[in-house]
Amino acid sequence: EAEVAQSPRYKITEKSQAVAFWCDPISGHATLYWYRQILGQGPELLVQFQDESVVDDSQLPKDRFSAERLKGVDSTLKIQPAELGDSAMYLCASSPPPPNTGELFFGEGSRLTVL
Amino acid sequence: GENVEQHPSTLSVQEGDSAVIKCTYSDSASNYFPWYKQELGKRPQLIIDIRSNVGEKKDQRIAVTLNKTAKHFSLHITETQPEDSAVYFCAASTGGTSYGKLTFGQGTILTVHP
């Protein structure tokens with residue numbers, strides 16, 4: 001069964017350092033999402049891509065976060081510089097093209113700890 | 001923007017009992033309401049969803065009800081089993097091209113005791 005792949009699974013960094021997360025969606029899924037899940041809370045949408053274009057990044061803290069999906073397939077989420085409050089699980093999800101059921105397929109996530 | 005409130009935050013039941021989790025939403029334009037189950041250390045997975053043109057949907061032991069007038073929807077799990085223990089999240093979106101732009105509730109930790 002195809003799955004969304006993410007790496008690294010775990011990342012520990014010191015504040016002010018740069019971190020990057022990678023996501024490879026299910027083949028054929030044109031829509032890709034990055035969500036952030038703080039421990040004990042529900043996921044929050046950071047950015048949505050349709051192919052290589054950003055559809056919605058209104059919740060992305062653009063002063064320190066950036067996201068790209070250059071060839072419309074895999075995607076990278078970067079944080080520079082990392083802050084203590086960025087400690088969270090970063091979840092990537094993808095969804096199939098229309099007619100889709102609405103289901104999001106999540107990766108296993110990248111857990112970030114900022115010291 | 002949309003705001004989704006979920007209750008209770010924790011729920012403990014005996015195996016075989018029913019469990020009910022409730023959510024309210026604020027945006028009357030929302031018309032897609034999925035429920036995701038997240039086991040410890042694992043990815044969220046869709047277990048059931050409902051669209052605004054139906055009031056109830058059932059899939060074996062799981063059912064979801066929607067009251068658009070009151071802006072609330074609920075997850076019902078019957079005959080609970082220990083493997084139902086997980087965190088459950090409700091969510092809402094305006095559908096269409098925005099199906100995946102979900103606003104999630106805070107989650108409910110369900111524990112089913114054997």
# chains A, B, ... in the order shown; residues from 1 in each chain; ligands from 1

$ closest_atom_pairs --of "chain A" --to "chain B" --cutoff "8 Å" --atoms "only C-alpha atoms" --output "Markdown table"
| residue | atom | partner | partner_atom | distance |
| --- | --- | --- | --- | --- |
| A:Tyr33 | CA | B:Gly100 | CA | 7.7 |
| A:Gly40 | CA | B:Gln106 | CA | 7.4 |
| A:Gln41 | CA | B:Gln106 | CA | 4.8 |
| A:Gly42 | CA | B:Gln106 | CA | 4.7 |
| A:Pro43 | CA | B:Phe104 | CA | 6.2 |
| A:Glu44 | CA | B:Thr103 | CA | 6.8 |
| A:Leu45 | CA | B:Lys101 | CA | 6.8 |
| A:Gln48 | CA | B:Lys101 | CA | 7.6 |
| A:Ser95 | CA | B:Gly100 | CA | 7.4 |
| A:Gly102 | CA | B:Tyr99 | CA | 5.3 |
| A:Glu103 | CA | B:Leu46 | CA | 6.6 |
| A:Leu104 | CA | B:Gly100 | CA | 6.4 |
| A:Phe105 | CA | B:Gln45 | CA | 7.2 |
| A:Phe106 | CA | B:Arg43 | CA | 6.0 |
| A:Gly107 | CA | B:Arg43 | CA | 6.1 |
| A:Glu108 | CA | B:Arg43 | CA | 4.8 |
| A:Gly109 | CA | B:Arg43 | CA | 7.0 |

$ residues_around --residues "stretch 75-86 of chain B" --least-positions-apart "5" --cutoff "7 Å" --atoms "only C-alpha atoms" --output "number ranges by chain"
B: 15-22, 37-40, 61-65, 109-114

$ residues_around --residues "A:Ala2" --least-positions-apart "5" --cutoff "10 Å" --atoms "only C-alpha atoms" --output "PyMOL selection string"
chain A and resi 25-27+105

$ closest_residue --among "A:Leu39, A:Leu84, A:Thr13, A:Leu46" --to "A:Ser66" --atoms "only C-alpha atoms"
A:Leu46

$ atom_distance --atom1 "atom CA of A:Lys62" --atom2 "atom CA of A:Leu115"
21.5 Å

$ closest_residue --among "B:Ala92, B:Val4, B:Leu66, B:Ile50" --to "B:Thr24" --atoms "only C-alpha atoms"
B:Val4

$ select_by_dssp --residues "stretch 41-81 of chain A" --states "strand (DSSP E or B)" --output "NGL selection string"
:A and (44-50 or 53-56 or 65-68 or 75-79)

$ write_last_selection --atoms "all heavy atoms" --output "short mmCIF file (atom, residue, chain, number, x, y, z; two decimals), in the first residue's frame"
data_model
loop_
_atom_site.label_atom_id
_atom_site.label_comp_id
_atom_site.auth_asym_id
_atom_site.auth_seq_id
_atom_site.Cartn_x
_atom_site.Cartn_y
_atom_site.Cartn_z
N GLU A 44 -2.45 21.66 12.87
CA GLU A 44 -2.78 22.97 12.32
C GLU A 44 -2.14 23.08 10.94
O GLU A 44 -0.95 22.82 10.79
CB GLU A 44 -2.23 24.09 13.20
CG GLU A 44 -2.78 24.12 14.62
CD GLU A 44 -2.04 25.17 15.45
OE1 GLU A 44 -0.89 24.90 15.84
OE2 GLU A 44 -2.61 26.24 15.69
N LEU A 45 -2.92 23.53 9.97
CA LEU A 45 -2.41 23.66 8.62
C LEU A 45 -1.38 24.78 8.52
O LEU A 45 -1.62 25.90 8.98
CB LEU A 45 -3.56 23.94 7.65
CG LEU A 45 -3.17 24.12 6.18
CD1 LEU A 45 -2.65 22.81 5.61
CD2 LEU A 45 -4.35 24.63 5.37
N LEU A 46 -0.25 24.47 7.91
CA LEU A 46 0.77 25.48 7.65
C LEU A 46 0.72 25.95 6.19
O LEU A 46 0.75 27.15 5.91
CB LEU A 46 2.16 24.94 7.95
CG LEU A 46 2.49 24.64 9.42
CD1 LEU A 46 3.88 24.00 9.53
CD2 LEU A 46 2.43 25.91 10.25
N VAL A 47 0.67 24.99 5.26
CA VAL A 47 0.74 25.34 3.85
C VAL A 47 0.10 24.25 3.01
O VAL A 47 0.14 23.07 3.37
CB VAL A 47 2.21 25.60 3.42
CG1 VAL A 47 3.06 24.36 3.61
CG2 VAL A 47 2.31 26.13 2.00
N GLN A 48 -0.50 24.67 1.90
CA GLN A 48 -1.10 23.76 0.93
C GLN A 48 -0.52 24.02 -0.44
O GLN A 48 -0.44 25.17 -0.89
CB GLN A 48 -2.62 23.94 0.88
CG GLN A 48 -3.31 23.08 -0.18
CD GLN A 48 -4.77 23.43 -0.37
OE1 GLN A 48 -5.32 24.29 0.31
NE2 GLN A 48 -5.43 22.75 -1.30
N PHE A 49 -0.10 22.95 -1.12
CA PHE A 49 0.39 23.03 -2.49
C PHE A 49 -0.59 22.32 -3.43
O PHE A 49 -1.15 21.28 -3.09
CB PHE A 49 1.74 22.31 -2.62
CG PHE A 49 2.90 23.02 -2.02
CD1 PHE A 49 3.29 22.75 -0.72
CD2 PHE A 49 3.63 23.94 -2.75
CE1 PHE A 49 4.38 23.39 -0.15
CE2 PHE A 49 4.73 24.59 -2.20
CZ PHE A 49 5.09 24.31 -0.89
N GLN A 50 -0.75 22.89 -4.60
CA GLN A 50 -1.40 22.21 -5.71
C GLN A 50 -0.34 22.11 -6.80
O GLN A 50 0.06 23.13 -7.37
CB GLN A 50 -2.62 22.97 -6.20
CG GLN A 50 -3.36 22.29 -7.33
CD GLN A 50 -3.99 20.98 -6.92
OE1 GLN A 50 -4.45 20.81 -5.81
NE2 GLN A 50 -4.01 20.03 -7.85
N SER A 53 2.54 24.82 -7.03
CA SER A 53 2.10 26.14 -6.61
C SER A 53 1.56 26.13 -5.19
O SER A 53 0.83 25.22 -4.79
CB SER A 53 1.00 26.66 -7.56
OG SER A 53 1.49 26.74 -8.88
N VAL A 54 1.87 27.21 -4.47
CA VAL A 54 1.30 27.39 -3.14
C VAL A 54 -0.14 27.88 -3.28
O VAL A 54 -0.39 28.89 -3.94
CB VAL A 54 2.12 28.41 -2.32
CG1 VAL A 54 1.41 28.73 -1.00
CG2 VAL A 54 3.52 27.88 -2.06
N VAL A 55 -1.07 27.15 -2.67
CA VAL A 55 -2.48 27.54 -2.71
C VAL A 55 -2.82 28.38 -1.49
O VAL A 55 -3.56 29.36 -1.58
CB VAL A 55 -3.39 26.30 -2.75
CG1 VAL A 55 -4.86 26.70 -2.62
CG2 VAL A 55 -3.16 25.50 -4.03
N ASP A 56 -2.27 27.99 -0.34
CA ASP A 56 -2.57 28.70 0.91
C ASP A 56 -1.39 28.58 1.85
O ASP A 56 -1.01 27.47 2.22
CB ASP A 56 -3.83 28.11 1.55
CG ASP A 56 -4.27 28.89 2.79
OD1 ASP A 56 -3.53 29.78 3.26
OD2 ASP A 56 -5.37 28.60 3.31
N PHE A 65 9.77 30.39 8.45
CA PHE A 65 9.40 29.15 7.78
C PHE A 65 9.33 29.38 6.27
O PHE A 65 8.89 30.43 5.81
CB PHE A 65 8.02 28.67 8.24
CG PHE A 65 7.98 28.07 9.61
CD1 PHE A 65 8.25 28.84 10.73
CD2 PHE A 65 7.64 26.74 9.79
CE1 PHE A 65 8.20 28.29 12.02
CE2 PHE A 65 7.58 26.18 11.06
CZ PHE A 65 7.85 26.96 12.17
N SER A 66 9.77 28.36 5.53
CA SER A 66 9.59 28.38 4.09
C SER A 66 9.26 26.97 3.63
O SER A 66 9.65 25.98 4.27
CB SER A 66 10.84 28.89 3.39
OG SER A 66 11.92 28.02 3.60
N ALA A 67 8.53 26.89 2.54
CA ALA A 67 8.18 25.58 1.99
C ALA A 67 8.25 25.65 0.48
O ALA A 67 7.93 26.68 -0.12
CB ALA A 67 6.76 25.18 2.43
N GLU A 68 8.68 24.56 -0.12
CA GLU A 68 8.75 24.52 -1.57
C GLU A 68 8.41 23.12 -2.08
O GLU A 68 8.57 22.13 -1.39
CB GLU A 68 10.13 24.96 -2.07
CG GLU A 68 11.28 24.10 -1.60
CD GLU A 68 12.63 24.64 -2.08
OE1 GLU A 68 12.72 25.81 -2.47
OE2 GLU A 68 13.59 23.86 -2.05
N SER A 75 8.42 17.61 -1.38
CA SER A 75 8.37 18.95 -0.79
C SER A 75 9.32 19.04 0.38
O SER A 75 9.61 18.04 1.06
CB SER A 75 6.95 19.26 -0.33
OG SER A 75 6.89 20.51 0.34
N THR A 76 9.80 20.25 0.62
CA THR A 76 10.68 20.52 1.76
C THR A 76 10.11 21.66 2.58
O THR A 76 9.67 22.68 2.02
CB THR A 76 12.10 20.89 1.29
OG1 THR A 76 12.61 19.82 0.50
CG2 THR A 76 13.01 21.12 2.48
N LEU A 77 10.11 21.50 3.88
CA LEU A 77 9.71 22.54 4.82
C LEU A 77 10.95 22.92 5.62
O LEU A 77 11.60 22.04 6.18
CB LEU A 77 8.62 22.04 5.76
CG LEU A 77 8.13 23.02 6.84
CD1 LEU A 77 7.35 24.16 6.22
CD2 LEU A 77 7.27 22.28 7.88
N LYS A 78 11.27 24.20 5.64
CA LYS A 78 12.46 24.67 6.33
C LYS A 78 12.11 25.66 7.43
O LYS A 78 11.19 26.47 7.27
CB LYS A 78 13.42 25.32 5.34
CG LYS A 78 13.96 24.39 4.26
CD LYS A 78 14.88 25.12 3.31
CE LYS A 78 15.39 24.18 2.21
NZ LYS A 78 16.26 24.88 1.23
N ILE A 79 12.88 25.60 8.50
CA ILE A 79 12.74 26.55 9.59
C ILE A 79 14.11 27.15 9.85
O ILE A 79 15.09 26.43 10.06
CB ILE A 79 12.24 25.88 10.89
CG1 ILE A 79 10.97 25.07 10.65
CG2 ILE A 79 11.97 26.95 11.96
CD1 ILE A 79 10.51 24.26 11.86
#

$ atom_distance --atom1 "atom CA of A:Gln80" --atom2 "atom CA of A:Gln59"
16.4 Å

$ decode --residues "stretch 1-32 of chain B" --atoms "N, CA, C and O atoms" --output "PDB file, in the first residue's frame"
ATOM      1  N   GLY B   1     -11.795  33.010  10.935  1.00  0.00           N
ATOM      2  CA  GLY B   1     -11.619  31.648  10.439  1.00  0.00           C
ATOM      3  C   GLY B   1     -12.425  30.652  11.251  1.00  0.00           C
ATOM      4  O   GLY B   1     -13.058  30.977  12.252  1.00  0.00           O
ATOM      5  N   GLU B   2     -12.347  29.409  10.821  1.00  0.00           N
ATOM      6  CA  GLU B   2     -13.086  28.335  11.492  1.00  0.00           C
ATOM      7  C   GLU B   2     -12.472  28.036  12.856  1.00  0.00           C
ATOM      8  O   GLU B   2     -11.253  28.130  13.058  1.00  0.00           O
ATOM      9  N   ASN B   3     -13.347  27.672  13.810  1.00  0.00           N
ATOM     10  CA  ASN B   3     -12.921  27.228  15.136  1.00  0.00           C
ATOM     11  C   ASN B   3     -13.692  25.960  15.477  1.00  0.00           C
ATOM     12  O   ASN B   3     -14.925  25.941  15.373  1.00  0.00           O
ATOM     13  N   VAL B   4     -12.982  24.925  15.841  1.00  0.00           N
ATOM     14  CA  VAL B   4     -13.615  23.649  16.181  1.00  0.00           C
ATOM     15  C   VAL B   4     -13.301  23.306  17.632  1.00  0.00           C
ATOM     16  O   VAL B   4     -12.137  23.266  18.017  1.00  0.00           O
ATOM     17  N   GLU B   5     -14.350  23.114  18.416  1.00  0.00           N
ATOM     18  CA  GLU B   5     -14.203  22.730  19.813  1.00  0.00           C
ATOM     19  C   GLU B   5     -14.616  21.275  19.977  1.00  0.00           C
ATOM     20  O   GLU B   5     -15.647  20.857  19.437  1.00  0.00           O
ATOM     21  N   GLN B   6     -13.820  20.524  20.742  1.00  0.00           N
ATOM     22  CA  GLN B   6     -14.058  19.092  20.894  1.00  0.00           C
ATOM     23  C   GLN B   6     -14.121  18.737  22.370  1.00  0.00           C
ATOM     24  O   GLN B   6     -13.316  19.188  23.166  1.00  0.00           O
ATOM     25  N   HIS B   7     -15.090  17.881  22.704  1.00  0.00           N
ATOM     26  CA  HIS B   7     -15.273  17.441  24.089  1.00  0.00           C
ATOM     27  C   HIS B   7     -15.726  15.987  24.127  1.00  0.00           C
ATOM     28  O   HIS B   7     -16.451  15.551  23.236  1.00  0.00           O
ATOM     29  N   PRO B   8     -15.322  15.199  25.150  1.00  0.00           N
ATOM     30  CA  PRO B   8     -14.412  15.598  26.218  1.00  0.00           C
ATOM     31  C   PRO B   8     -12.955  15.481  25.769  1.00  0.00           C
ATOM     32  O   PRO B   8     -12.688  14.963  24.702  1.00  0.00           O
ATOM     33  N   SER B   9     -12.038  15.932  26.569  1.00  0.00           N
ATOM     34  CA  SER B   9     -10.629  15.804  26.220  1.00  0.00           C
ATOM     35  C   SER B   9     -10.123  14.392  26.528  1.00  0.00           C
ATOM     36  O   SER B   9      -9.186  13.921  25.896  1.00  0.00           O
ATOM     37  N   THR B  10     -10.699  13.748  27.521  1.00  0.00           N
ATOM     38  CA  THR B  10     -10.390  12.351  27.824  1.00  0.00           C
ATOM     39  C   THR B  10     -11.688  11.603  28.080  1.00  0.00           C
ATOM     40  O   THR B  10     -12.655  12.176  28.598  1.00  0.00           O
ATOM     41  N   LEU B  11     -11.691  10.332  27.705  1.00  0.00           N
ATOM     42  CA  LEU B  11     -12.876   9.500  27.866  1.00  0.00           C
ATOM     43  C   LEU B  11     -12.416   8.087  28.183  1.00  0.00           C
ATOM     44  O   LEU B  11     -11.628   7.508  27.434  1.00  0.00           O
ATOM     45  N   SER B  12     -12.924   7.559  29.283  1.00  0.00           N
ATOM     46  CA  SER B  12     -12.546   6.226  29.706  1.00  0.00           C
ATOM     47  C   SER B  12     -13.806   5.374  29.782  1.00  0.00           C
ATOM     48  O   SER B  12     -14.782   5.770  30.426  1.00  0.00           O
ATOM     49  N   VAL B  13     -13.801   4.224  29.104  1.00  0.00           N
ATOM     50  CA  VAL B  13     -14.973   3.344  29.078  1.00  0.00           C
ATOM     51  C   VAL B  13     -14.536   1.914  29.279  1.00  0.00           C
ATOM     52  O   VAL B  13     -13.363   1.558  29.089  1.00  0.00           O
ATOM     53  N   GLN B  14     -15.493   1.079  29.649  1.00  0.00           N
ATOM     54  CA  GLN B  14     -15.243  -0.354  29.752  1.00  0.00           C
ATOM     55  C   GLN B  14     -15.510  -0.997  28.398  1.00  0.00           C
ATOM     56  O   GLN B  14     -16.392  -0.549  27.639  1.00  0.00           O
ATOM     57  N   GLU B  15     -14.768  -2.029  28.110  1.00  0.00           N
ATOM     58  CA  GLU B  15     -14.961  -2.765  26.860  1.00  0.00           C
ATOM     59  C   GLU B  15     -16.430  -3.149  26.711  1.00  0.00           C
ATOM     60  O   GLU B  15     -17.059  -3.640  27.651  1.00  0.00           O
ATOM     61  N   GLY B  16     -16.965  -2.907  25.527  1.00  0.00           N
ATOM     62  CA  GLY B  16     -18.363  -3.225  25.267  1.00  0.00           C
ATOM     63  C   GLY B  16     -19.304  -2.043  25.422  1.00  0.00           C
ATOM     64  O   GLY B  16     -20.414  -2.053  24.892  1.00  0.00           O
ATOM     65  N   ASP B  17     -18.840  -1.008  26.157  1.00  0.00           N
ATOM     66  CA  ASP B  17     -19.662   0.198  26.309  1.00  0.00           C
ATOM     67  C   ASP B  17     -19.598   1.029  25.036  1.00  0.00           C
ATOM     68  O   ASP B  17     -18.791   0.784  24.143  1.00  0.00           O
ATOM     69  N   SER B  18     -20.464   2.036  24.994  1.00  0.00           N
ATOM     70  CA  SER B  18     -20.447   2.999  23.891  1.00  0.00           C
ATOM     71  C   SER B  18     -19.636   4.228  24.290  1.00  0.00           C
ATOM     72  O   SER B  18     -19.523   4.559  25.475  1.00  0.00           O
ATOM     73  N   ALA B  19     -19.089   4.898  23.289  1.00  0.00           N
ATOM     74  CA  ALA B  19     -18.341   6.138  23.512  1.00  0.00           C
ATOM     75  C   ALA B  19     -18.875   7.206  22.559  1.00  0.00           C
ATOM     76  O   ALA B  19     -19.157   6.911  21.393  1.00  0.00           O
ATOM     77  N   VAL B  20     -19.028   8.412  23.073  1.00  0.00           N
ATOM     78  CA  VAL B  20     -19.519   9.525  22.259  1.00  0.00           C
ATOM     79  C   VAL B  20     -18.588  10.718  22.421  1.00  0.00           C
ATOM     80  O   VAL B  20     -18.256  11.111  23.543  1.00  0.00           O
ATOM     81  N   ILE B  21     -18.176  11.270  21.301  1.00  0.00           N
ATOM     82  CA  ILE B  21     -17.318  12.458  21.291  1.00  0.00           C
ATOM     83  C   ILE B  21     -18.043  13.539  20.492  1.00  0.00           C
ATOM     84  O   ILE B  21     -18.574  13.250  19.411  1.00  0.00           O
ATOM     85  N   LYS B  22     -18.048  14.760  21.033  1.00  0.00           N
ATOM     86  CA  LYS B  22     -18.836  15.833  20.413  1.00  0.00           C
ATOM     87  C   LYS B  22     -17.944  16.984  19.965  1.00  0.00           C
ATOM     88  O   LYS B  22     -16.968  17.323  20.625  1.00  0.00           O
ATOM     89  N   CYS B  23     -18.323  17.585  18.843  1.00  0.00           N
ATOM     90  CA  CYS B  23     -17.600  18.746  18.326  1.00  0.00           C
ATOM     91  C   CYS B  23     -18.575  19.821  17.880  1.00  0.00           C
ATOM     92  O   CYS B  23     -19.660  19.510  17.390  1.00  0.00           O
ATOM     93  N   THR B  24     -18.164  21.058  18.071  1.00  0.00           N
ATOM     94  CA  THR B  24     -18.909  22.187  17.534  1.00  0.00           C
ATOM     95  C   THR B  24     -17.993  22.979  16.625  1.00  0.00           C
ATOM     96  O   THR B  24     -16.772  22.969  16.795  1.00  0.00           O
ATOM     97  N   TYR B  25     -18.587  23.639  15.632  1.00  0.00           N
ATOM     98  CA  TYR B  25     -17.795  24.452  14.707  1.00  0.00           C
ATOM     99  C   TYR B  25     -18.452  25.816  14.566  1.00  0.00           C
ATOM    100  O   TYR B  25     -19.612  26.009  14.918  1.00  0.00           O
ATOM    101  N   SER B  26     -17.693  26.769  14.052  1.00  0.00           N
ATOM    102  CA  SER B  26     -18.179  28.147  14.030  1.00  0.00           C
ATOM    103  C   SER B  26     -18.548  28.655  12.637  1.00  0.00           C
ATOM    104  O   SER B  26     -19.404  29.536  12.504  1.00  0.00           O
ATOM    105  N   ASP B  27     -17.925  28.117  11.600  1.00  0.00           N
ATOM    106  CA  ASP B  27     -18.105  28.637  10.247  1.00  0.00           C
ATOM    107  C   ASP B  27     -19.263  27.933   9.548  1.00  0.00           C
ATOM    108  O   ASP B  27     -19.178  26.738   9.246  1.00  0.00           O
ATOM    109  N   SER B  28     -20.324  28.661   9.283  1.00  0.00           N
ATOM    110  CA  SER B  28     -21.497  28.060   8.658  1.00  0.00           C
ATOM    111  C   SER B  28     -21.209  27.594   7.233  1.00  0.00           C
ATOM    112  O   SER B  28     -21.999  26.845   6.658  1.00  0.00           O
ATOM    113  N   ALA B  29     -20.090  28.015   6.645  1.00  0.00           N
ATOM    114  CA  ALA B  29     -19.729  27.578   5.301  1.00  0.00           C
ATOM    115  C   ALA B  29     -19.083  26.189   5.301  1.00  0.00           C
ATOM    116  O   ALA B  29     -18.934  25.570   4.249  1.00  0.00           O
ATOM    117  N   SER B  30     -18.696  25.688   6.460  1.00  0.00           N
ATOM    118  CA  SER B  30     -18.097  24.357   6.533  1.00  0.00           C
ATOM    119  C   SER B  30     -19.119  23.315   6.133  1.00  0.00           C
ATOM    120  O   SER B  30     -20.290  23.369   6.542  1.00  0.00           O
ATOM    121  N   ASN B  31     -18.690  22.357   5.313  1.00  0.00           N
ATOM    122  CA  ASN B  31     -19.631  21.334   4.858  1.00  0.00           C
ATOM    123  C   ASN B  31     -19.016  19.946   4.763  1.00  0.00           C
ATOM    124  O   ASN B  31     -19.618  19.026   4.214  1.00  0.00           O
ATOM    125  N   TYR B  32     -17.816  19.792   5.296  1.00  0.00           N
ATOM    126  CA  TYR B  32     -17.156  18.489   5.284  1.00  0.00           C
ATOM    127  C   TYR B  32     -16.568  18.262   6.657  1.00  0.00           C
ATOM    128  O   TYR B  32     -15.830  19.115   7.177  1.00  0.00           O
TER     129      TYR B  32
END
